[in-house]
Amino acid sequence: MFFNSIDFAIFLPIVFFLYWFVADKNLKLQNFLIVIASYTFYGWWDWRFLSLVLFSTIVDYSIGVKLSDEESKYKRKIYLWISILVNLGFLGFFKYYNFFQDSFVSAFSFFGTEIQSNSLNIILPVGISFYTFQTLSYTIDVYKRKLEPTKDFIAFSAFVSFFPQLVAGPIERATNLLPQFYRKRTFEYDKAVDGLRQIIWGLFKKIVIADNSAQIANEIFNNSADYSGSTLLIGAIFFTFQIYGDFSGYSDIAIGTSRLFGFNLMQNFAFPYFSRDIAEFWRRWHISLSTWFRDYLYIPLGGSRGGTRMKVRNTFIIFIVSGFWHGANWTFIVWGALNALYFMPLLLLNKNRANTDVVAQGKYLPSFKEFIQIAFTFGLTVLAWIFFRSENIGHALNYISTIFSGSLFIAPKFLNIELALSTMKMIFAFIIIEWIGREEQYAIANLFKVKKKYVRYYLYVSVVLAIMIWGNYKENQFIYFQF
Amino acid sequence: MRDFIKKTSAFSIFILFILVFTNFYGDAAKLFHIGYEKKIASILLEKKNATNISNYDERLLQKEIINNIDKNPDVVVLGSSRSKLIGSKYFDNKLLFNNGVNGASIEDLVAIYQLYKERDILPKKIVIVIDPWLFNEYNGLERWTSLEKEYNDFHNKTGTFSKAQENNFSELISLSYFQNSLNNLPNVFTGKSDPVSTTQKYNKTNTKLPDGSIIYGEKRINLSQENIDNIARKYSTGKIYGIENFEKISDRNFEDFNSLCSDIIHNGIELEFILTPYHPITYKKIIANYPCVIKTENIIKNYAENANINCYGSFNPSVLEIDNSGLYDGVHSKEITISKIMKKRKESSTTQKG
């Protein structure tokens, strides 16, 4: 079920009603309702893969229980590895089997040996990368004794399958989300209103910004050989906004929906395109994944302890693994490696934490220096996204070489000039709103808290009408579902 | 909680009201307002040209016209929008009626033929302009359901589906329909959405002539070649109309087509097939991805030969020596292309007579 579908518009009020009016008095019943709703939500897409979610839940719940009773270090380690192997095994099979096999065959054919390929027709279960990482975080935290294992199977099932963030995050830590299933939730008016506001803003980002940008970016990327460097550059910028609007829009809807049910999810995007350097960008982009890799991969690998060589090695590892997490294609690996390269100068000069505050805090405009820094970081990001979006490495290299050719100075051309111009205007307005709201959790969090009621309603109606009038109802699938 | 429910419900109802109001009154495709097709039909039956017409139920218009024709036409043209430029001038100004409807499926052709049959005003000749999607069971075309009764009557079947009606009501809450209806709303309130009767052939928007053929509006006629090629390129990057999932010639659709042809011939009507070309860019994609289109052309030509039916034209622009300048977009021929096909048709029929 997509957040931007009629199905979800019907589903959400029904679950909301049952949750607060029928199951209100009983915490267990509320959690059980969340499990049922979550399985319905996921099964709407493909019910067959519900067994994967259920299996993953049973395995990690059982391992959690075993870990709580087990004192032997050796046995505890075995339990941990069972969980890691089961979760990563699913992920590896469904997401990477064909990639490894094809790469293996290509490598052999490069050396002149032809071997038979048996690629399987595997469907990638939606959101598998998200919920496997979420359950892994539980087992690892229990293993490290950072978290008491749960004995409440329903609460644990609800934690694994919680529908607002099941298929595209934020990837919640068990330490943050699981305890919320133990506590009695009471309806809070302000929290619910804030949730709705964030949902509306998420829909705007997705339907107006991302989906319109997608239509232009898809056309340009799919036919890049026909376009000049200038058009390709603009196409890459459109994709830059597409992926941001799409993914951060999803996160906003997920966080907002959770708030309607009394839950708090972590912020996943903090205005990353206003970053002054790549390190800041990665602290603001897909925060739940970046911090996951930091806590469960970078630090266990030694983190920044152990000298420069270790720091460089570990940084490359997490960026490349992060790239690979996004998809079974060399383009994602190059995208990750390129970001690691961008990161290196900051790491080596020890400037990777130079910009931890909000840019131009308390001011209307950034300084000239900040503006140049933002533009430079944005440019690097756009370049990296080309690898992310391209079909293969060759496509990306051709795309970039055309951008840096003489045709960069030819006037750009678009198949649908009206759509391109109107989308540019909308992106411009969007950037202004995001800039104004950059100190908040999401752009309109405070902007719409106007005292006068009729002004407030006018603003809400305006955003909803903007979605209705300028939304794109042709391109509607969320990009991150495939990861 | 009560306050929250009250406010969100009021907000949702207000937004829903705007949506339904705009879709109902703006009604971009004239789904909820009857009588629009009658207005166009009355203009055409008065032998005038109708312009400022858009987004109406073309099937209902055909019904309206056929039910009000006072004598048998000499020639009837059945087909999709790709047939709409064929007018009486190509048939020595005989009494012709072009019943082409956008996105025509085999069911449309059968149902429109049935309309003539029911009124007992069958023509002397029927020209079917063949589209490949006629034989694609998965073409996804459902507009024919407006003439579902006639289609069923042809096959002596009873019962009707209510799909068309259901679709109409779902459009009331459709957001894409809202965008189109919103654009149309000012015209509705200023009365500018009604069809206009004119003696002029070339107008700002498409003009329907009394013989049912059309003349495109000035925007399309004045498209530059570069724009046309861009449109064709854009079209070819997406799904090609009606021929997605065209894996095999549908037995059911072919059976329908065969029944139609047999009935026409059985009633002593001369039958003729015409195939109009795709834009070279689109056709290139067709060769690469849709082999069933080429198969359809071969099957139709064989069928015509075996049944002694004259068949002219081709989906392949190079067979007709048509380049990019012969079309308005990926699929619709220009007048010069239709003239070329009709000229060859005339030459061929003269040779046959000779």
# chains A, B, ... in the order shown; residues from 1 in each chain; ligands from 1
>>> residues_around(residues="Thr257 (chain A)", least_positions_apart="2", cutoff="7 Å", atoms="only C-alpha atoms", output="list in words")
Pro164, Gly195, Ile199, Ile253, Ala254, Ile255, Arg259, Leu260 and Phe261 of chain A
>>> residues_around(residues="Ala232 (chain B)", least_positions_apart="3", cutoff="8 Å", atoms="only C-alpha atoms", output="list in words")
Ile228, Asp229, Tyr235, Ser236, His279, Ile281, Thr282, Asp329, Gly330 and Val331 of chain B
>>> interface_residues(of="chain A", to="chain B", cutoff="7 Å", atoms="only C-alpha atoms", output="list in words")
Phe187, Tyr189, Leu415, Met468, Ile469 and Tyr473 of chain A
>>> residues_around(residues="Phe238 (chain A)", least_positions_apart="5", cutoff="8 Å", atoms="only C-alpha atoms", output="MDAnalysis selection string")
chainID A and resid 213:214 216:217
>>> closest_atom_pairs(of="region 72-148 of chain B", to="region 242-247 of chain B", cutoff="10 Å", atoms="only C-alpha atoms", output="Markdown table")
| residue | atom | partner | partner_atom | distance |
| --- | --- | --- | --- | --- |
| B:Gly103 | CA | B:Gly242 | CA | 8.0 |
| B:Ala104 | CA | B:Gly242 | CA | 9.8 |
| B:Ser105 | CA | B:Gly242 | CA | 9.1 |
| B:Asp131 | CA | B:Gly242 | CA | 9.2 |
| B:Pro132 | CA | B:Ile243 | CA | 7.2 |
| B:Trp133 | CA | B:Gly242 | CA | 5.1 |
| B:Leu134 | CA | B:Gly242 | CA | 8.4 |
| B:Phe135 | CA | B:Phe246 | CA | 8.4 |
| B:Asn136 | CA | B:Phe246 | CA | 5.5 |
| B:Glu137 | CA | B:Phe246 | CA | 7.6 |
| B:Tyr138 | CA | B:Asn245 | CA | 6.3 |
| B:Asn139 | CA | B:Gly242 | CA | 4.4 |
| B:Gly140 | CA | B:Gly242 | CA | 6.8 |
| B:Leu141 | CA | B:Gly242 | CA | 7.3 |
>>> write_last_selection(atoms="N, CA, C and O atoms", output="mmCIF file, in the first residue's frame")
data_model
loop_
_atom_site.group_PDB
_atom_site.id
_atom_site.type_symbol
_atom_site.label_atom_id
_atom_site.label_comp_id
_atom_site.auth_asym_id
_atom_site.auth_seq_id
_atom_site.Cartn_x
_atom_site.Cartn_y
_atom_site.Cartn_z
ATOM 1 N N GLY B 103 -9.226 5.769 -29.718
ATOM 2 C CA GLY B 103 -8.938 4.515 -29.010
ATOM 3 C C GLY B 103 -9.928 3.421 -29.337
ATOM 4 O O GLY B 103 -10.322 2.659 -28.452
ATOM 5 N N ALA B 104 -10.310 3.329 -30.603
ATOM 6 C CA ALA B 104 -11.330 2.328 -30.967
ATOM 7 C C ALA B 104 -10.800 0.909 -30.761
ATOM 8 O O ALA B 104 -9.695 0.583 -31.184
ATOM 9 N N SER B 105 -11.605 0.102 -30.138
ATOM 10 C CA SER B 105 -11.265 -1.317 -29.994
ATOM 11 C C SER B 105 -12.181 -2.086 -30.939
ATOM 12 O O SER B 105 -13.095 -1.508 -31.547
ATOM 13 N N ASP B 131 -6.125 -0.925 -36.675
ATOM 14 C CA ASP B 131 -5.066 -0.614 -35.700
ATOM 15 C C ASP B 131 -4.592 -1.923 -35.092
ATOM 16 O O ASP B 131 -5.407 -2.830 -34.867
ATOM 17 N N PRO B 132 -3.301 -2.004 -34.776
ATOM 18 C CA PRO B 132 -2.815 -3.296 -34.255
ATOM 19 C C PRO B 132 -3.478 -3.699 -32.948
ATOM 20 O O PRO B 132 -3.676 -4.882 -32.668
ATOM 21 N N TRP B 133 -3.829 -2.694 -32.120
ATOM 22 C CA TRP B 133 -4.383 -3.043 -30.807
ATOM 23 C C TRP B 133 -5.763 -3.706 -30.883
ATOM 24 O O TRP B 133 -6.257 -4.230 -29.898
ATOM 25 N N LEU B 134 -6.379 -3.672 -32.072
ATOM 26 C CA LEU B 134 -7.676 -4.361 -32.212
ATOM 27 C C LEU B 134 -7.536 -5.829 -31.834
ATOM 28 O O LEU B 134 -8.489 -6.460 -31.390
ATOM 29 N N PHE B 135 -6.314 -6.353 -32.010
ATOM 30 C CA PHE B 135 -6.106 -7.789 -31.801
ATOM 31 C C PHE B 135 -5.333 -8.094 -30.516
ATOM 32 O O PHE B 135 -4.868 -9.193 -30.318
ATOM 33 N N ASN B 136 -5.183 -7.071 -29.691
ATOM 34 C CA ASN B 136 -4.496 -7.265 -28.411
ATOM 35 C C ASN B 136 -5.536 -7.398 -27.304
ATOM 36 O O ASN B 136 -6.215 -6.427 -26.965
ATOM 37 N N GLU B 137 -5.635 -8.566 -26.754
ATOM 38 C CA GLU B 137 -6.639 -8.795 -25.707
ATOM 39 C C GLU B 137 -6.371 -7.919 -24.480
ATOM 40 O O GLU B 137 -7.277 -7.602 -23.716
ATOM 41 N N TYR B 138 -5.104 -7.545 -24.304
ATOM 42 C CA TYR B 138 -4.745 -6.771 -23.101
ATOM 43 C C TYR B 138 -4.544 -5.291 -23.427
ATOM 44 O O TYR B 138 -3.709 -4.625 -22.824
ATOM 45 N N ASN B 139 -5.286 -4.789 -24.412
ATOM 46 C CA ASN B 139 -5.096 -3.388 -24.809
ATOM 47 C C ASN B 139 -5.633 -2.409 -23.759
ATOM 48 O O ASN B 139 -5.342 -1.218 -23.805
ATOM 49 N N GLY B 140 -6.398 -2.894 -22.824
ATOM 50 C CA GLY B 140 -6.875 -2.042 -21.719
ATOM 51 C C GLY B 140 -7.901 -1.004 -22.150
ATOM 52 O O GLY B 140 -8.171 -0.058 -21.415
ATOM 53 N N LEU B 141 -8.466 -1.156 -23.334
ATOM 54 C CA LEU B 141 -9.431 -0.146 -23.814
ATOM 55 C C LEU B 141 -10.834 -0.498 -23.333
ATOM 56 O O LEU B 141 -11.327 -1.604 -23.571
#
>>> residues_around(residues="Phe387 (chain A)", least_positions_apart="6", cutoff="7 Å", atoms="only C-alpha atoms", output="list in words")
Thr331, Phe332, Val334, Trp335, Ile393 and Ala396 of chain A
>>> select_by_dssp(residues="region 188-334 of chain B", states="strand (DSSP E or B)", output="ChimeraX atom specification")
/B:196-198,207-208,214-215,270-275,310-313,327,333
>>> residues_around(residues="Gln134 (chain A)", least_positions_apart="6", cutoff="8 Å", atoms="only C-alpha atoms", output="short mmCIF file (atom, residue, chain, number, x, y, z; two decimals) with N, CA and C atoms, in the first residue's frame")
data_model
loop_
_atom_site.label_atom_id
_atom_site.label_comp_id
_atom_site.auth_asym_id
_atom_site.auth_seq_id
_atom_site.Cartn_x
_atom_site.Cartn_y
_atom_site.Cartn_z
N VAL A 160 8.82 -4.77 14.92
CA VAL A 160 9.44 -5.17 13.64
C VAL A 160 8.60 -4.69 12.46
N ILE A 171 14.92 3.70 9.87
CA ILE A 171 15.32 2.44 10.50
C ILE A 171 15.49 2.74 11.99
N GLU A 172 14.49 2.32 12.75
CA GLU A 172 14.50 2.68 14.17
C GLU A 172 15.37 1.74 14.98
N ARG A 173 15.97 2.29 16.03
CA ARG A 173 16.71 1.45 16.97
C ARG A 173 15.71 0.86 17.95
N ALA A 174 15.98 -0.39 18.33
CA ALA A 174 15.11 -1.02 19.31
C ALA A 174 15.10 -0.21 20.60
#
